[in-house]
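Okay, so here's the structure we're looking at.
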Amino acid sequence: MSIFINKSSRVVIQGLTGQHGSFHAEESIKIGTNVVAGVTPGKGGSKHLGIPLFDTVHEAVAKTQADVAGIFVPPPFAADAIMEAIDTGIRTIVVVADGIPVQDMVRVKRYSAGRDVVIVGPNTPGLITPNECKVGIMPAHIYKPGKIGVVSRSGTLNYEAVEQMAEYKLGQSTCVGIGGDTVTGTDFLTVMRAFKDDPDTEAVVMIGEIGGSQEIEAAAWAKEHLGKPLVCFIAGITAPARRRMGHAGAVIAGPDDTASAKMERIEALGAYVVRNPSKIGEAVHRAVQ
C-alpha cells in the first residue's frame, strides 16, 4: 500500500510541453506512472509524447478522469495552475516550481482551506511510490518498494536517506518531499497522519531542517498516535542565526529554531534522532529490528 499515489493514479501534467514537464513526464512513465493527460493552453486537441493535450485542467479531467496533478509551470503562473486543479476536485497536487511569490502561496492556502486536497510543495522533488507512480523530479531508480515512509523538506537528503537504506535492503512505501519554501501546501503532520493509516508502512523517516516548529509538532503527535518507529534528522547544525540558507524557510529566527534545539526536543519525545546524516540508513535498520 502507499499514501497519496499508487499504480491506479491517473496523472495530468500541467505544462507538459515545457522542457521540464516533458523530461520528467517521460521519466515518470518509465516506472509505470499512468500519465493520462497534459495541459498547455493553446495546444488542446494535439498530442505530446503520445499523451493527449488539453487547453484547461477542467477539460483534461472531464475527458480522462485524472485524479493527480503535477504542476510544471513557471512560478508566476503556478498559483493559478494550482487553484485550477483544486477547482476540478483533484485531491493530490504536486508543485515542483520554486520561487513562487509568498503572497501567491498564501492565496492558495486560503483557497484550499476546507477542501479535500493535499498540495505537495512548492519547491519539492515530488512524490513517489516506487515502481508504481512518480510525480516530480526525483531519480526513480534509487527508490525500491518496501515498508519505510519518508517525508523530507530536503530533496537531496531524501535521496541520501533512500540510498543508505538500500544498503540494508530497506525499501520505501511512499516518499514525500514537502518542499523548503516559507509557505508550503502540506506539512510533516499531515503526511505523518497518512503514514499512520497505511498498514504497509512500518516506520517513518522525517528529515527536517532549521526554522519553524513543524518538526516538533509532528514528533509530538507521533509520540501519542503514530504507533510506529520514527527516525528523525534535522539539517543545519552549523547554520548561523538569522541567515537564510538554501531553502527560503530555513532561517534561525530564535533559539528553538536551531538544529540542536529541535533534535533535543524530538529525542525527548521518543523518536530515534540521528545527528550525522551518514547514519540515517543505519538508524532506520536499528529501528525496525
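Labels used: A, B, ... for chains in the order of the C-alpha cells, numbers from 1 for residues in each chain, and numbers from 1 for ligands as shown.
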When DSSP is applied to the backbone of this structure, which of stretch 106-245 of chain A are assigned alpha helix (DSSP H)? Write them out as number ranges by chain.
A: 106-112, 155-167, 188-196, 214-225
DSSP strand (DSSP E or B) residues within stretch 66-279 of chain A, as a count of residues only:
49
Leaving out A:Gly155 and any residue of its chain fewer than 5 positions from it, which residues lie within 8 Å of it when counting only C-alpha atoms, given as a list of chain:residue names?
A:Thr124, A:Pro125, A:Met138, A:Gly177, A:Gly179
Do a neighbour search on stretch 59-62 of chain A at 9 Å with only C-alpha atoms, toss out local chain neighbours closer than 2 positions, and write the hits as a PyMOL selection string.
chain A and resi 12+36-39+52-57+64-67+88-90
Report the distance between atom CA of A:Ser28 and atom CA of A:Ile93 in Å, rounded to one decimal place.
15.3 Å
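Considering only C-alpha atoms, the residue among A:Pro122, A:Pro255, A:Gly136, A:Pro101 positioned nearest to A:Thr33 is A:Gly136.
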Suppose you want the space between atom CA of A:Thr201 and atom CA of A:Leu189; what is it in Å?
15.6 Å
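Comparing A:Thr174, A:Asn276, A:Ser152, A:Gln289 by their smallest distance to A:Ala194, the closest is A:Thr174 (using only C-alpha atoms).
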Which residues are near A:Cys232? Cut-off 7 Å, only C-alpha atoms, ignore same chain within fewer than 5 positions. Put them as a list in words.
Val205, Met206, Ile207, Ala271, Tyr272, Val273 and Val274 of chain A
Would you list the contacts of A:Val108 as a ChimeraX atom specification, taking every protein, DNA or RNA residue within 8 Å and counting only C-alpha atoms, but skipping same-chain residues closer than 2 positions in sequence?
/A:79,82-83,104-106,110-112
Write out, as a PDB file, in the first residue's frame, the residues just selected, with C-alpha atoms.
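Result file is result.pdb:
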ATOM      1  CA  ALA A  79      -0.766  29.753  -8.130  1.00  0.00           C
ATOM      2  CA  ILE A  82      -2.843  25.076  -8.510  1.00  0.00           C
ATOM      3  CA  MET A  83      -6.225  26.688  -7.956  1.00  0.00           C
ATOM      4  CA  ASP A 104       0.632  33.774  -4.093  1.00  0.00           C
ATOM      5  CA  MET A 105       1.041  30.720  -1.852  1.00  0.00           C
ATOM      6  CA  VAL A 106      -0.850  32.476   0.937  1.00  0.00           C
ATOM      7  CA  ARG A 110      -6.706  30.287   1.760  1.00  0.00           C
ATOM      8  CA  TYR A 111      -8.312  28.908  -1.391  1.00  0.00           C
ATOM      9  CA  SER A 112      -7.620  25.291  -0.407  1.00  0.00           C
TER      10      SER A 112
END
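Atom CA of A:Ala69 is positioned 5.6 Å from atom CA of A:Val11.
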Could you name the residues that touch A:Asn123 at 7 Å or less, counting only C-alpha atoms, but leaving out those on the same chain fewer than 3 positions away, as a PDB file with all heavy atoms, in the first residue's frame?
ATOM      1  N   VAL A  95       3.616  20.385  -6.720  1.00  0.00           N
ATOM      2  CA  VAL A  95       4.084  21.651  -7.293  1.00  0.00           C
ATOM      3  C   VAL A  95       5.604  21.687  -7.210  1.00  0.00           C
ATOM      4  O   VAL A  95       6.179  21.858  -6.130  1.00  0.00           O
ATOM      5  CB  VAL A  95       3.486  22.856  -6.543  1.00  0.00           C
ATOM      6  CG1 VAL A  95       3.801  24.145  -7.291  1.00  0.00           C
ATOM      7  CG2 VAL A  95       1.981  22.690  -6.351  1.00  0.00           C
ATOM      8  N   VAL A  96       6.269  21.523  -8.329  1.00  0.00           N
ATOM      9  CA  VAL A  96       7.727  21.429  -8.339  1.00  0.00           C
ATOM     10  C   VAL A  96       8.396  22.802  -8.293  1.00  0.00           C
ATOM     11  O   VAL A  96       9.460  22.964  -7.696  1.00  0.00           O
ATOM     12  CB  VAL A  96       8.188  20.647  -9.589  1.00  0.00           C
ATOM     13  CG1 VAL A  96       9.701  20.662  -9.719  1.00  0.00           C
ATOM     14  CG2 VAL A  96       7.671  19.216  -9.531  1.00  0.00           C
ATOM     15  N   ALA A  97       7.812  23.803  -8.896  1.00  0.00           N
ATOM     16  CA  ALA A  97       8.461  25.115  -9.037  1.00  0.00           C
ATOM     17  C   ALA A  97       8.898  25.691  -7.699  1.00  0.00           C
ATOM     18  O   ALA A  97       8.194  25.567  -6.698  1.00  0.00           O
ATOM     19  CB  ALA A  97       7.496  26.088  -9.715  1.00  0.00           C
ATOM     20  N   ASP A  98      10.079  26.335  -7.692  1.00  0.00           N
ATOM     21  CA  ASP A  98      10.452  27.131  -6.528  1.00  0.00           C
ATOM     22  C   ASP A  98      10.420  28.604  -6.932  1.00  0.00           C
ATOM     23  O   ASP A  98      10.347  28.940  -8.109  1.00  0.00           O
ATOM     24  CB  ASP A  98      11.815  26.727  -5.959  1.00  0.00           C
ATOM     25  CG  ASP A  98      12.945  26.961  -6.929  1.00  0.00           C
ATOM     26  OD1 ASP A  98      12.681  27.410  -8.055  1.00  0.00           O
ATOM     27  OD2 ASP A  98      14.103  26.697  -6.575  1.00  0.00           O
ATOM     28  N   GLY A 179       8.829  20.158   0.523  1.00  0.00           N
ATOM     29  CA  GLY A 179       9.320  21.428  -0.009  1.00  0.00           C
ATOM     30  C   GLY A 179       9.934  22.311   1.057  1.00  0.00           C
ATOM     31  O   GLY A 179       9.630  22.200   2.238  1.00  0.00           O
ATOM     32  N   GLY A 180      10.793  23.211   0.596  1.00  0.00           N
ATOM     33  CA  GLY A 180      11.554  24.041   1.524  1.00  0.00           C
ATOM     34  C   GLY A 180      11.176  25.498   1.519  1.00  0.00           C
ATOM     35  O   GLY A 180      11.889  26.325   2.086  1.00  0.00           O
ATOM     36  N   ASP A 181      10.076  25.856   0.897  1.00  0.00           N
ATOM     37  CA  ASP A 181       9.686  27.267   0.875  1.00  0.00           C
ATOM     38  C   ASP A 181       9.073  27.705   2.206  1.00  0.00           C
ATOM     39  O   ASP A 181       8.713  26.879   3.047  1.00  0.00           O
ATOM     40  CB  ASP A 181       8.685  27.513  -0.258  1.00  0.00           C
ATOM     41  CG  ASP A 181       9.380  27.751  -1.593  1.00  0.00           C
ATOM     42  OD1 ASP A 181      10.624  27.623  -1.639  1.00  0.00           O
ATOM     43  OD2 ASP A 181       8.693  28.066  -2.572  1.00  0.00           O
TER      44      ASP A 181
END
Proximity to A:Thr190 - best of A:Ile86, A:Ala218, A:Ala203, A:Leu49, only C-alpha atoms:
A:Ala218
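Nearest to A:Lys109 of all the residues A:Asp80, A:Val183, A:Glu160, A:Ile128 is A:Val183, counting only C-alpha atoms.
Among A:Ala259, A:Val176, A:Met192, A:Ile3, the residue with the shortest atom-to-atom distance to A:Gly208, counting only C-alpha atoms, is A:Ala259.
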